[in-house]
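Here's the structure we're looking at; comments come further down.
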Amino acid sequence: MASKAPKKAAKAVVKKGAKRQAAPVKKSAKKVSSKQAKAAAKVEEEIMLQPPRGMRDLLPGDQSYWNQIRRVTARMAHEYGFLRIDTPILEYANLFVRSIGEGTDIIDKEMYIFSTKGGDKVALRPEFTAGIARAYIQHGMTVLPKPIKLFSTGPVYRYDRPQEGRYREHFQANYDIFGEQDPILDAQLIQLAHRVVIALGIKNVQFQVNSIGCPKCRADYQNLLVSYFESKRQKLCQNCKKRMETNPLRILDCKEDKCAQVAASAPQSVDHLCPECRTHFKHLLEYLDELEVPYVINPRLVRGLSYYTKTVFEIWSGDEEGHKFSLGGGGRYDHLVDELGGEHTPAIGFALGMDRLVAEMRRVSAKAYVEPRPRVFLAQLGDLAKKKSLRLFAELQKNGILAAESFGRGSLKSQLRVADRLGVEVTLIVGQKEALDETVIIKDMVSGTQETVSNVKLVNAVKKILKNNIVVSHE
RNA sequence: GCGGGUAUCGUCCAACGGUUAGGACACCAGUUUGUGGCACUGGGAAUGAGGGUUCGAUUCCCUCUACUCGCCCCA
């Protein structure tokens, strides 16, 4: 038994789920004085055995839903003609500031921004589109036949207060289309989003759509809005009073009761669109009706990024209590590319929140993708067999037989226990005798019967047994 | 950034202010050494950190940290 002091020192280091890492410390602590141990523990305490706030591990047990989402989003991207693109997680900060815009919450308070050793101001991407638009311009994709459809998945970062369904690191599946202004693309993108969600087994969804116009008509509308809110200034919350100057459109979706009341009778952007924007929106709605996508027009939907023009939309999913939350959103951004220095390129894009899709799939017990499990276990006994088993393992794989093993274990008993727990149908046993004879024992785990076959016949024999067994599908 | 709640083995729970901090599940080993499931035996494994009150704190108080729920915002 360790004396009390070292044990305490070790304990301090241990923290949750860190037994193994802590064990060596415990051992060495025995040898040193308690004073030293305490000092060591103090240093060790600095190591937080948890990820930074708002970030989490996606454990093996979580992966089936993630795999399903990765597969479906990528398959659908392919079917709609999207090409995969991966851009850096880190970009120069001003790329985001310029595209997303000052006055937005994302830029003003939610961006991970810092300086490199070389003095560059960089930021973790808070969304995909800015980096993708940058790559589009930089690599001259403008010469490619239009439209150019690009697909990405990966983490994005927002320095936000975490809560249910909101993380500082979360994952998005992102779709962008460059070089086409026809509203049928808007509709097609919404259709894609709908089909992804449906394919994942999430059925109770609805789209919220709105048009916030182009820079021309929005400027007029914004003036109208400001003068309206100016007349009701007293009734607005502190935040919204500030928004009057910075981002008046956002007052429309303020959740404060008093603001919502004022906003309810505010002029709506859809009533003040220029002829071009009006036509665009009208056609979009016609296409959506044709598609039979569930949608409602939400005149107060404005979205938190300032580069949007014309169409904006979100996908919402409901739960039993009638509480709804957003699974994704997007919109058109016809002027982002030229604002960033490229030639004028109308574009539209949207992102799905993968973490939220997982949460929603869990809630509705949606089907998940399960990797094929090994149906064969390879057990070894004795030094010679142990050596041979590595080669045999590879041999099985080359012949399409996925095998599990527990080579580190000595006794046959414990290996069979593992085999049983894994639920394999066949265990291959190689002992000293078999290793010398170039044979393997094939044990049927269901009936318990076994036979010895020569190495050369092994693969076929195993395949035969597996073929005859009824394959249990894992949902 | 602002409120509320929570913090005990890997997980889920227990412990009138006094227990060697207990149990279940999981994990590891063994039940005569080359054969799984069941059973039995054994083992490792925790009071988030720091102060205070007290003879004595897992328990009461304070601070910090983390998590969590809501607001804000968003995916």
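Chain labels A, B, ... are given in the sequence in which chains occur in the structure tokens; within each chain residues are numbered consecutively from 1, and ligands are likewise numbered from 1 in the order shown.
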
When you get a sec, could you note down which chain A residues fall within 9 Å of chain B, using only C-alpha atoms (C1' of nucleotides), as a PyMOL selection string? chain A and resi 12+15-17+19+45+50+53+105-106+160+163-166+170-172+255+303-304+326-329+351-356+381+411-421+431+445

Include C-alpha atoms and write out the residues we just selected as a CSV table (one decimal), in the first residue's frame.
```csv
chain,number,residue,atom,x,y,z
A,12,ALA,CA,-4.8,14.9,-7.8
A,15,LYS,CA,-8.9,13.2,-12.7
A,16,LYS,CA,-11.6,11.6,-14.6
A,17,GLY,CA,-10.8,8.7,-16.9
A,19,LYS,CA,-6.0,6.1,-14.5
A,45,GLU,CA,-2.7,19.5,-12.3
A,50,GLN,CA,-10.7,17.3,-21.0
A,53,ARG,CA,-14.7,24.3,-23.6
A,105,ASP,CA,-22.2,38.5,-34.1
A,106,ILE,CA,-20.0,36.0,-35.8
A,160,ASP,CA,-19.9,30.9,-28.2
A,163,GLN,CA,-25.3,24.5,-24.6
A,164,GLU,CA,-27.4,21.7,-26.0
A,165,GLY,CA,-26.8,21.4,-29.7
A,166,ARG,CA,-24.3,24.2,-29.7
A,170,HIS,CA,-19.0,21.8,-34.7
A,171,PHE,CA,-19.1,20.1,-38.1
A,172,GLN,CA,-20.9,21.2,-41.2
A,255,LYS,CA,-36.3,37.2,-29.6
A,303,ARG,CA,-29.6,35.3,-41.1
A,304,GLY,CA,-26.4,36.3,-39.4
A,326,SER,CA,-32.3,24.8,-37.0
A,327,LEU,CA,-30.6,22.0,-38.8
A,328,GLY,CA,-29.0,24.2,-41.4
A,329,GLY,CA,-29.3,27.2,-43.5
A,351,ALA,CA,-24.6,24.3,-44.7
A,352,LEU,CA,-26.1,21.5,-42.6
A,353,GLY,CA,-25.1,21.2,-39.0
A,354,MET,CA,-23.9,17.7,-38.7
A,355,ASP,CA,-23.9,17.6,-34.9
A,356,ARG,CA,-27.6,18.6,-35.0
A,381,LEU,CA,-1.2,-20.5,-28.5
A,411,SER,CA,-4.4,-18.3,-22.6
A,412,LEU,CA,-6.7,-19.9,-25.1
A,413,LYS,CA,-9.5,-19.5,-22.6
A,414,SER,CA,-9.3,-15.7,-22.5
A,415,GLN,CA,-9.1,-15.5,-26.2
A,416,LEU,CA,-12.2,-17.6,-26.7
A,417,ARG,CA,-13.9,-15.4,-24.2
A,418,VAL,CA,-13.1,-12.4,-26.3
A,419,ALA,CA,-14.2,-14.3,-29.4
A,420,ASP,CA,-17.5,-15.1,-27.8
A,421,ARG,CA,-18.1,-11.5,-26.7
A,431,GLY,CA,-1.4,-24.0,-31.4
A,445,MET,CA,-18.8,-21.1,-32.3
```

List every residue of range 183-324 of chain A that DSSP, applied to the backbone of this structure, places in helix (DSSP H, G or I), and write the result as a PDB file with N, CA and C atoms, in the first residue's frame.
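See states.pdb below for the written result:
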```pdb
ATOM      1  N   PRO A 183     -32.965  31.274 -60.353  1.00  0.00           N
ATOM      2  CA  PRO A 183     -33.550  30.805 -59.084  1.00  0.00           C
ATOM      3  C   PRO A 183     -33.773  29.297 -59.046  1.00  0.00           C
ATOM      4  N   ILE A 184     -33.686  28.642 -60.187  1.00  0.00           N
ATOM      5  CA  ILE A 184     -33.860  27.188 -60.143  1.00  0.00           C
ATOM      6  C   ILE A 184     -32.726  26.544 -59.348  1.00  0.00           C
ATOM      7  N   LEU A 185     -31.562  27.226 -59.312  1.00  0.00           N
ATOM      8  CA  LEU A 185     -30.458  26.706 -58.504  1.00  0.00           C
ATOM      9  C   LEU A 185     -30.799  26.823 -57.027  1.00  0.00           C
ATOM     10  N   ASP A 186     -31.455  27.918 -56.665  1.00  0.00           N
ATOM     11  CA  ASP A 186     -31.880  28.092 -55.275  1.00  0.00           C
ATOM     12  C   ASP A 186     -32.785  26.933 -54.885  1.00  0.00           C
ATOM     13  N   ALA A 187     -33.702  26.647 -55.785  1.00  0.00           N
ATOM     14  CA  ALA A 187     -34.671  25.588 -55.516  1.00  0.00           C
ATOM     15  C   ALA A 187     -33.993  24.225 -55.465  1.00  0.00           C
ATOM     16  N   GLN A 188     -33.050  24.030 -56.362  1.00  0.00           N
ATOM     17  CA  GLN A 188     -32.372  22.738 -56.417  1.00  0.00           C
ATOM     18  C   GLN A 188     -31.568  22.497 -55.130  1.00  0.00           C
ATOM     19  N   LEU A 189     -30.979  23.556 -54.637  1.00  0.00           N
ATOM     20  CA  LEU A 189     -30.191  23.437 -53.416  1.00  0.00           C
ATOM     21  C   LEU A 189     -31.095  23.090 -52.225  1.00  0.00           C
ATOM     22  N   ILE A 190     -32.246  23.712 -52.223  1.00  0.00           N
ATOM     23  CA  ILE A 190     -33.209  23.409 -51.155  1.00  0.00           C
ATOM     24  C   ILE A 190     -33.691  21.965 -51.289  1.00  0.00           C
ATOM     25  N   GLN A 191     -33.891  21.555 -52.526  1.00  0.00           N
ATOM     26  CA  GLN A 191     -34.291  20.169 -52.755  1.00  0.00           C
ATOM     27  C   GLN A 191     -33.219  19.214 -52.239  1.00  0.00           C
ATOM     28  N   LEU A 192     -31.978  19.534 -52.540  1.00  0.00           N
ATOM     29  CA  LEU A 192     -30.865  18.700 -52.087  1.00  0.00           C
ATOM     30  C   LEU A 192     -30.873  18.604 -50.561  1.00  0.00           C
ATOM     31  N   ALA A 193     -30.998  19.750 -49.924  1.00  0.00           N
ATOM     32  CA  ALA A 193     -31.006  19.779 -48.460  1.00  0.00           C
ATOM     33  C   ALA A 193     -32.136  18.902 -47.924  1.00  0.00           C
ATOM     34  N   HIS A 194     -33.275  19.021 -48.558  1.00  0.00           N
ATOM     35  CA  HIS A 194     -34.430  18.248 -48.138  1.00  0.00           C
ATOM     36  C   HIS A 194     -34.175  16.757 -48.291  1.00  0.00           C
ATOM     37  N   ARG A 195     -33.604  16.405 -49.423  1.00  0.00           N
ATOM     38  CA  ARG A 195     -33.368  14.978 -49.666  1.00  0.00           C
ATOM     39  C   ARG A 195     -32.320  14.395 -48.725  1.00  0.00           C
ATOM     40  N   VAL A 196     -31.309  15.182 -48.400  1.00  0.00           N
ATOM     41  CA  VAL A 196     -30.306  14.705 -47.441  1.00  0.00           C
ATOM     42  C   VAL A 196     -30.976  14.387 -46.110  1.00  0.00           C
ATOM     43  N   VAL A 197     -31.753  15.324 -45.657  1.00  0.00           N
ATOM     44  CA  VAL A 197     -32.392  15.176 -44.351  1.00  0.00           C
ATOM     45  C   VAL A 197     -33.361  13.983 -44.345  1.00  0.00           C
ATOM     46  N   ILE A 198     -34.132  13.873 -45.415  1.00  0.00           N
ATOM     47  CA  ILE A 198     -35.068  12.751 -45.519  1.00  0.00           C
ATOM     48  C   ILE A 198     -34.308  11.420 -45.558  1.00  0.00           C
ATOM     49  N   ALA A 199     -33.232  11.399 -46.338  1.00  0.00           N
ATOM     50  CA  ALA A 199     -32.450  10.169 -46.463  1.00  0.00           C
ATOM     51  C   ALA A 199     -31.863   9.742 -45.122  1.00  0.00           C
ATOM     52  N   PRO A 215     -28.415  44.548 -53.114  1.00  0.00           N
ATOM     53  CA  PRO A 215     -27.915  45.755 -52.436  1.00  0.00           C
ATOM     54  C   PRO A 215     -28.742  46.992 -52.752  1.00  0.00           C
ATOM     55  N   LYS A 216     -29.238  47.064 -53.987  1.00  0.00           N
ATOM     56  CA  LYS A 216     -30.010  48.254 -54.367  1.00  0.00           C
ATOM     57  C   LYS A 216     -31.316  48.348 -53.592  1.00  0.00           C
ATOM     58  N   CYS A 217     -32.155  47.332 -53.738  1.00  0.00           N
ATOM     59  CA  CYS A 217     -33.468  47.455 -53.100  1.00  0.00           C
ATOM     60  C   CYS A 217     -33.368  47.294 -51.589  1.00  0.00           C
ATOM     61  N   ARG A 218     -32.320  46.610 -51.152  1.00  0.00           N
ATOM     62  CA  ARG A 218     -32.197  46.462 -49.709  1.00  0.00           C
ATOM     63  C   ARG A 218     -31.842  47.793 -49.046  1.00  0.00           C
ATOM     64  N   ALA A 219     -31.057  48.595 -49.736  1.00  0.00           N
ATOM     65  CA  ALA A 219     -30.696  49.899 -49.176  1.00  0.00           C
ATOM     66  C   ALA A 219     -31.954  50.728 -48.953  1.00  0.00           C
ATOM     67  N   ASP A 220     -32.833  50.710 -49.947  1.00  0.00           N
ATOM     68  CA  ASP A 220     -34.080  51.465 -49.810  1.00  0.00           C
ATOM     69  C   ASP A 220     -34.916  50.889 -48.666  1.00  0.00           C
ATOM     70  N   TYR A 221     -34.995  49.570 -48.660  1.00  0.00           N
ATOM     71  CA  TYR A 221     -35.801  48.919 -47.644  1.00  0.00           C
ATOM     72  C   TYR A 221     -35.232  49.195 -46.248  1.00  0.00           C
ATOM     73  N   GLN A 222     -33.911  49.153 -46.176  1.00  0.00           N
ATOM     74  CA  GLN A 222     -33.273  49.365 -44.887  1.00  0.00           C
ATOM     75  C   GLN A 222     -33.570  50.775 -44.342  1.00  0.00           C
ATOM     76  N   ASN A 223     -33.554  51.731 -45.235  1.00  0.00           N
ATOM     77  CA  ASN A 223     -33.891  53.095 -44.819  1.00  0.00           C
ATOM     78  C   ASN A 223     -35.312  53.161 -44.266  1.00  0.00           C
ATOM     79  N   LEU A 224     -36.179  52.481 -44.957  1.00  0.00           N
ATOM     80  CA  LEU A 224     -37.575  52.430 -44.544  1.00  0.00           C
ATOM     81  C   LEU A 224     -37.688  51.801 -43.160  1.00  0.00           C
ATOM     82  N   LEU A 225     -36.948  50.723 -43.001  1.00  0.00           N
ATOM     83  CA  LEU A 225     -36.976  49.973 -41.751  1.00  0.00           C
ATOM     84  C   LEU A 225     -36.441  50.828 -40.603  1.00  0.00           C
ATOM     85  N   VAL A 226     -35.330  51.505 -40.873  1.00  0.00           N
ATOM     86  CA  VAL A 226     -34.722  52.316 -39.835  1.00  0.00           C
ATOM     87  C   VAL A 226     -35.671  53.421 -39.406  1.00  0.00           C
ATOM     88  N   SER A 227     -36.318  54.045 -40.370  1.00  0.00           N
ATOM     89  CA  SER A 227     -37.212  55.130 -39.974  1.00  0.00           C
ATOM     90  C   SER A 227     -38.414  54.580 -39.214  1.00  0.00           C
ATOM     91  N   TYR A 228     -38.827  53.365 -39.563  1.00  0.00           N
ATOM     92  CA  TYR A 228     -39.912  52.739 -38.806  1.00  0.00           C
ATOM     93  C   TYR A 228     -39.480  52.479 -37.359  1.00  0.00           C
ATOM     94  N   PHE A 229     -38.307  51.838 -37.216  1.00  0.00           N
ATOM     95  CA  PHE A 229     -37.835  51.508 -35.869  1.00  0.00           C
ATOM     96  C   PHE A 229     -37.500  52.770 -35.078  1.00  0.00           C
ATOM     97  N   GLU A 230     -37.048  53.789 -35.815  1.00  0.00           N
ATOM     98  CA  GLU A 230     -36.729  55.053 -35.152  1.00  0.00           C
ATOM     99  C   GLU A 230     -37.963  55.583 -34.415  1.00  0.00           C
ATOM    100  N   SER A 231     -39.109  55.408 -35.052  1.00  0.00           N
ATOM    101  CA  SER A 231     -40.347  55.907 -34.452  1.00  0.00           C
ATOM    102  C   SER A 231     -40.746  55.085 -33.234  1.00  0.00           C
ATOM    103  N   ARG A 233     -38.399  53.593 -31.222  1.00  0.00           N
ATOM    104  CA  ARG A 233     -37.118  53.356 -30.559  1.00  0.00           C
ATOM    105  C   ARG A 233     -37.260  52.994 -29.082  1.00  0.00           C
ATOM    106  N   GLN A 234     -38.172  53.662 -28.398  1.00  0.00           N
ATOM    107  CA  GLN A 234     -38.317  53.448 -26.954  1.00  0.00           C
ATOM    108  C   GLN A 234     -38.679  52.004 -26.611  1.00  0.00           C
ATOM    109  N   LYS A 235     -39.311  51.347 -27.558  1.00  0.00           N
ATOM    110  CA  LYS A 235     -39.819  50.005 -27.246  1.00  0.00           C
ATOM    111  C   LYS A 235     -38.798  48.893 -27.534  1.00  0.00           C
ATOM    112  N   GLN A 238     -31.896  47.040 -25.555  1.00  0.00           N
ATOM    113  CA  GLN A 238     -30.602  47.707 -25.698  1.00  0.00           C
ATOM    114  C   GLN A 238     -29.860  47.246 -26.958  1.00  0.00           C
ATOM    115  N   ASN A 239     -29.852  45.940 -27.118  1.00  0.00           N
ATOM    116  CA  ASN A 239     -29.159  45.366 -28.272  1.00  0.00           C
ATOM    117  C   ASN A 239     -29.677  45.934 -29.583  1.00  0.00           C
ATOM    118  N   CYS A 240     -30.989  45.990 -29.657  1.00  0.00           N
ATOM    119  CA  CYS A 240     -31.589  46.420 -30.914  1.00  0.00           C
ATOM    120  C   CYS A 240     -31.348  47.901 -31.169  1.00  0.00           C
ATOM    121  N   LYS A 241     -31.246  48.672 -30.090  1.00  0.00           N
ATOM    122  CA  LYS A 241     -30.933  50.087 -30.284  1.00  0.00           C
ATOM    123  C   LYS A 241     -29.573  50.227 -30.964  1.00  0.00           C
ATOM    124  N   LYS A 242     -28.663  49.341 -30.548  1.00  0.00           N
ATOM    125  CA  LYS A 242     -27.352  49.350 -31.213  1.00  0.00           C
ATOM    126  C   LYS A 242     -27.462  48.864 -32.649  1.00  0.00           C
ATOM    127  N   ARG A 243     -28.304  47.872 -32.841  1.00  0.00           N
ATOM    128  CA  ARG A 243     -28.436  47.295 -34.181  1.00  0.00           C
ATOM    129  C   ARG A 243     -28.961  48.318 -35.188  1.00  0.00           C
ATOM    130  N   MET A 244     -29.639  49.334 -34.694  1.00  0.00           N
ATOM    131  CA  MET A 244     -30.131  50.387 -35.585  1.00  0.00           C
ATOM    132  C   MET A 244     -28.998  50.909 -36.455  1.00  0.00           C
ATOM    133  N   GLU A 245     -27.837  51.045 -35.846  1.00  0.00           N
ATOM    134  CA  GLU A 245     -26.704  51.561 -36.605  1.00  0.00           C
ATOM    135  C   GLU A 245     -25.952  50.437 -37.317  1.00  0.00           C
ATOM    136  N   THR A 246     -25.766  49.321 -36.608  1.00  0.00           N
ATOM    137  CA  THR A 246     -24.867  48.293 -37.126  1.00  0.00           C
ATOM    138  C   THR A 246     -25.541  47.362 -38.126  1.00  0.00           C
ATOM    139  N   PRO A 248     -29.528  46.825 -38.881  1.00  0.00           N
ATOM    140  CA  PRO A 248     -30.955  46.977 -38.542  1.00  0.00           C
ATOM    141  C   PRO A 248     -31.816  45.769 -38.928  1.00  0.00           C
ATOM    142  N   LEU A 249     -31.391  45.046 -39.965  1.00  0.00           N
ATOM    143  CA  LEU A 249     -32.203  43.894 -40.367  1.00  0.00           C
ATOM    144  C   LEU A 249     -32.370  42.888 -39.237  1.00  0.00           C
ATOM    145  N   ARG A 250     -31.341  42.797 -38.405  1.00  0.00           N
ATOM    146  CA  ARG A 250     -31.368  41.782 -37.358  1.00  0.00           C
ATOM    147  C   ARG A 250     -32.392  42.075 -36.257  1.00  0.00           C
ATOM    148  N   ILE A 251     -32.849  43.293 -36.195  1.00  0.00           N
ATOM    149  CA  ILE A 251     -33.890  43.602 -35.206  1.00  0.00           C
ATOM    150  C   ILE A 251     -35.112  42.730 -35.487  1.00  0.00           C
ATOM    151  N   LEU A 252     -35.270  42.390 -36.748  1.00  0.00           N
ATOM    152  CA  LEU A 252     -36.445  41.619 -37.154  1.00  0.00           C
ATOM    153  C   LEU A 252     -36.519  40.257 -36.476  1.00  0.00           C
ATOM    154  N   ASP A 253     -35.363  39.666 -36.204  1.00  0.00           N
ATOM    155  CA  ASP A 253     -35.470  38.347 -35.575  1.00  0.00           C
ATOM    156  C   ASP A 253     -34.965  38.343 -34.132  1.00  0.00           C
ATOM    157  N   ASP A 257     -39.453  39.943 -26.424  1.00  0.00           N
ATOM    158  CA  ASP A 257     -40.881  40.107 -26.690  1.00  0.00           C
ATOM    159  C   ASP A 257     -41.221  41.477 -27.258  1.00  0.00           C
ATOM    160  N   LYS A 258     -40.684  42.495 -26.599  1.00  0.00           N
ATOM    161  CA  LYS A 258     -41.064  43.848 -27.012  1.00  0.00           C
ATOM    162  C   LYS A 258     -40.574  44.149 -28.427  1.00  0.00           C
ATOM    163  N   CYS A 259     -39.389  43.631 -28.748  1.00  0.00           N
ATOM    164  CA  CYS A 259     -38.871  43.853 -30.103  1.00  0.00           C
ATOM    165  C   CYS A 259     -39.697  43.077 -31.122  1.00  0.00           C
ATOM    166  N   ALA A 260     -40.059  41.870 -30.727  1.00  0.00           N
ATOM    167  CA  ALA A 260     -40.843  41.039 -31.637  1.00  0.00           C
ATOM    168  C   ALA A 260     -42.169  41.717 -31.958  1.00  0.00           C
ATOM    169  N   GLN A 261     -42.750  42.357 -30.933  1.00  0.00           N
ATOM    170  CA  GLN A 261     -44.020  43.048 -31.160  1.00  0.00           C
ATOM    171  C   GLN A 261     -43.858  44.195 -32.151  1.00  0.00           C
ATOM    172  N   VAL A 262     -42.780  44.933 -31.945  1.00  0.00           N
ATOM    173  CA  VAL A 262     -42.519  46.052 -32.851  1.00  0.00           C
ATOM    174  C   VAL A 262     -42.247  45.535 -34.258  1.00  0.00           C
ATOM    175  N   ALA A 263     -41.451  44.447 -34.313  1.00  0.00           N
ATOM    176  CA  ALA A 263     -41.050  43.903 -35.612  1.00  0.00           C
ATOM    177  C   ALA A 263     -42.230  43.327 -36.375  1.00  0.00           C
ATOM    178  N   ALA A 264     -43.225  42.872 -35.616  1.00  0.00           N
ATOM    179  CA  ALA A 264     -44.360  42.209 -36.259  1.00  0.00           C
ATOM    180  C   ALA A 264     -45.036  43.101 -37.286  1.00  0.00           C
ATOM    181  N   SER A 269     -39.378  42.947 -46.122  1.00  0.00           N
ATOM    182  CA  SER A 269     -38.509  43.084 -47.290  1.00  0.00           C
ATOM    183  C   SER A 269     -39.183  42.574 -48.558  1.00  0.00           C
ATOM    184  N   VAL A 270     -39.982  41.516 -48.416  1.00  0.00           N
ATOM    185  CA  VAL A 270     -40.608  40.970 -49.616  1.00  0.00           C
ATOM    186  C   VAL A 270     -41.544  41.967 -50.293  1.00  0.00           C
ATOM    187  N   ASP A 271     -42.040  42.951 -49.511  1.00  0.00           N
ATOM    188  CA  ASP A 271     -42.928  43.949 -50.098  1.00  0.00           C
ATOM    189  C   ASP A 271     -42.168  45.092 -50.759  1.00  0.00           C
ATOM    190  N   HIS A 272     -40.848  45.094 -50.588  1.00  0.00           N
ATOM    191  CA  HIS A 272     -40.069  46.219 -51.106  1.00  0.00           C
ATOM    192  C   HIS A 272     -38.919  45.770 -51.997  1.00  0.00           C
ATOM    193  N   PRO A 275     -37.986  44.982 -59.016  1.00  0.00           N
ATOM    194  CA  PRO A 275     -38.628  44.034 -59.936  1.00  0.00           C
ATOM    195  C   PRO A 275     -37.801  42.764 -60.149  1.00  0.00           C
ATOM    196  N   GLU A 276     -36.506  42.918 -60.282  1.00  0.00           N
ATOM    197  CA  GLU A 276     -35.674  41.740 -60.543  1.00  0.00           C
ATOM    198  C   GLU A 276     -35.723  40.759 -59.364  1.00  0.00           C
ATOM    199  N   CYS A 277     -35.546  41.298 -58.152  1.00  0.00           N
ATOM    200  CA  CYS A 277     -35.550  40.445 -56.966  1.00  0.00           C
ATOM    201  C   CYS A 277     -36.924  39.828 -56.743  1.00  0.00           C
ATOM    202  N   ARG A 278     -37.923  40.605 -57.036  1.00  0.00           N
ATOM    203  CA  ARG A 278     -39.295  40.106 -56.867  1.00  0.00           C
ATOM    204  C   ARG A 278     -39.537  38.913 -57.778  1.00  0.00           C
ATOM    205  N   THR A 279     -39.109  39.051 -59.015  1.00  0.00           N
ATOM    206  CA  THR A 279     -39.288  37.963 -59.969  1.00  0.00           C
ATOM    207  C   THR A 279     -38.507  36.727 -59.538  1.00  0.00           C
ATOM    208  N   HIS A 280     -37.304  36.966 -59.082  1.00  0.00           N
ATOM    209  CA  HIS A 280     -36.456  35.867 -58.636  1.00  0.00           C
ATOM    210  C   HIS A 280     -37.155  35.073 -57.524  1.00  0.00           C
ATOM    211  N   PHE A 281     -37.664  35.805 -56.556  1.00  0.00           N
ATOM    212  CA  PHE A 281     -38.311  35.162 -55.419  1.00  0.00           C
ATOM    213  C   PHE A 281     -39.570  34.425 -55.861  1.00  0.00           C
ATOM    214  N   LYS A 282     -40.319  35.064 -56.755  1.00  0.00           N
ATOM    215  CA  LYS A 282     -41.557  34.455 -57.245  1.00  0.00           C
ATOM    216  C   LYS A 282     -41.269  33.128 -57.941  1.00  0.00           C
ATOM    217  N   HIS A 283     -40.245  33.135 -58.756  1.00  0.00           N
ATOM    218  CA  HIS A 283     -39.891  31.889 -59.457  1.00  0.00           C
ATOM    219  C   HIS A 283     -39.439  30.820 -58.483  1.00  0.00           C
ATOM    220  N   LEU A 284     -38.664  31.240 -57.496  1.00  0.00           N
ATOM    221  CA  LEU A 284     -38.216  30.273 -56.491  1.00  0.00           C
ATOM    222  C   LEU A 284     -39.416  29.583 -55.847  1.00  0.00           C
ATOM    223  N   LEU A 285     -40.390  30.379 -55.461  1.00  0.00           N
ATOM    224  CA  LEU A 285     -41.560  29.806 -54.788  1.00  0.00           C
ATOM    225  C   LEU A 285     -42.316  28.862 -55.711  1.00  0.00           C
ATOM    226  N   GLU A 286     -42.358  29.221 -56.978  1.00  0.00           N
ATOM    227  CA  GLU A 286     -43.027  28.329 -57.937  1.00  0.00           C
ATOM    228  C   GLU A 286     -42.298  26.999 -58.042  1.00  0.00           C
ATOM    229  N   TYR A 287     -40.986  27.085 -58.069  1.00  0.00           N
ATOM    230  CA  TYR A 287     -40.209  25.845 -58.139  1.00  0.00           C
ATOM    231  C   TYR A 287     -40.426  25.004 -56.883  1.00  0.00           C
ATOM    232  N   LEU A 288     -40.449  25.676 -55.756  1.00  0.00           N
ATOM    233  CA  LEU A 288     -40.625  24.939 -54.498  1.00  0.00           C
ATOM    234  C   LEU A 288     -41.992  24.253 -54.453  1.00  0.00           C
ATOM    235  N   ASP A 289     -42.992  24.937 -54.941  1.00  0.00           N
ATOM    236  CA  ASP A 289     -44.317  24.314 -54.994  1.00  0.00           C
ATOM    237  C   ASP A 289     -44.273  23.069 -55.868  1.00  0.00           C
ATOM    238  N   GLU A 290     -43.560  23.198 -56.968  1.00  0.00           N
ATOM    239  CA  GLU A 290     -43.422  22.077 -57.895  1.00  0.00           C
ATOM    240  C   GLU A 290     -42.735  20.894 -57.211  1.00  0.00           C
ATOM    241  N   LEU A 291     -41.745  21.202 -56.379  1.00  0.00           N
ATOM    242  CA  LEU A 291     -40.959  20.155 -55.714  1.00  0.00           C
ATOM    243  C   LEU A 291     -41.697  19.509 -54.564  1.00  0.00           C
TER     244      LEU A 291
END
```

Quick one: pick out all strand (DSSP E) residues within range 77-156 of chain A from a backbone DSSP run and write them as a list in words. Leu83, Arg84, Leu90, Glu91, Tyr92, Ile113, Phe114, Ser115, Lys121, Val122, Ala123, Leu124, Ile148, Lys149, Leu150, Phe151, Ser152, Thr153, Gly154, Pro155 and Val156 of chain A

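When only C-alpha atoms are used to compute distances to Gly213 in chain A, the closest of the residues A:His335, A:Lys386, A:Lys367, A:Lys467 turns out to be A:His335.
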
Spatial neighbours of Ile465 in chain A, max dist 9 Å, only C-alpha atoms (C1' of nucleotides), sep filter under 6 positions, as a PDB file with C-alpha atoms, in the first residue's frame:
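What landed in around01.pdb:
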```pdb
ATOM      1  CA  GLU A 425     -19.195 -17.304 -35.930  1.00  0.00           C
ATOM      2  CA  VAL A 426     -15.865 -19.027 -36.352  1.00  0.00           C
ATOM      3  CA  ASP A 444     -17.740 -23.379 -35.149  1.00  0.00           C
TER       4      ASP A 444
END
```

Give the answer as one residue: which of B:C2, B:A15, B:A39, B:C28 has the shortest atom-to-atom distance to U59 in chain B, using only C-alpha atoms (C1' of nucleotides)?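 Smallest separation from U59 in chain B among the options: B:A15.
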
Quick one: everything within 8 Å of Ile348 in chain A, counting only C-alpha atoms (C1' of nucleotides), minus sequence neighbours fewer than 5 positions away in the same chain. Send it as a list of chain:residue names.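 Once the adjacent positions are removed, what remains is A:Asp176, A:Ile177, A:Phe178, A:Leu185, A:Asp186, A:Gly330, A:Gly331, A:Arg332, A:Tyr333, A:Asp334.
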
Hey, which of B:U8, B:G18, B:U32, B:C27 ends up closest to U58 in chain B? Count only C-alpha atoms (C1' of nucleotides). B:U8
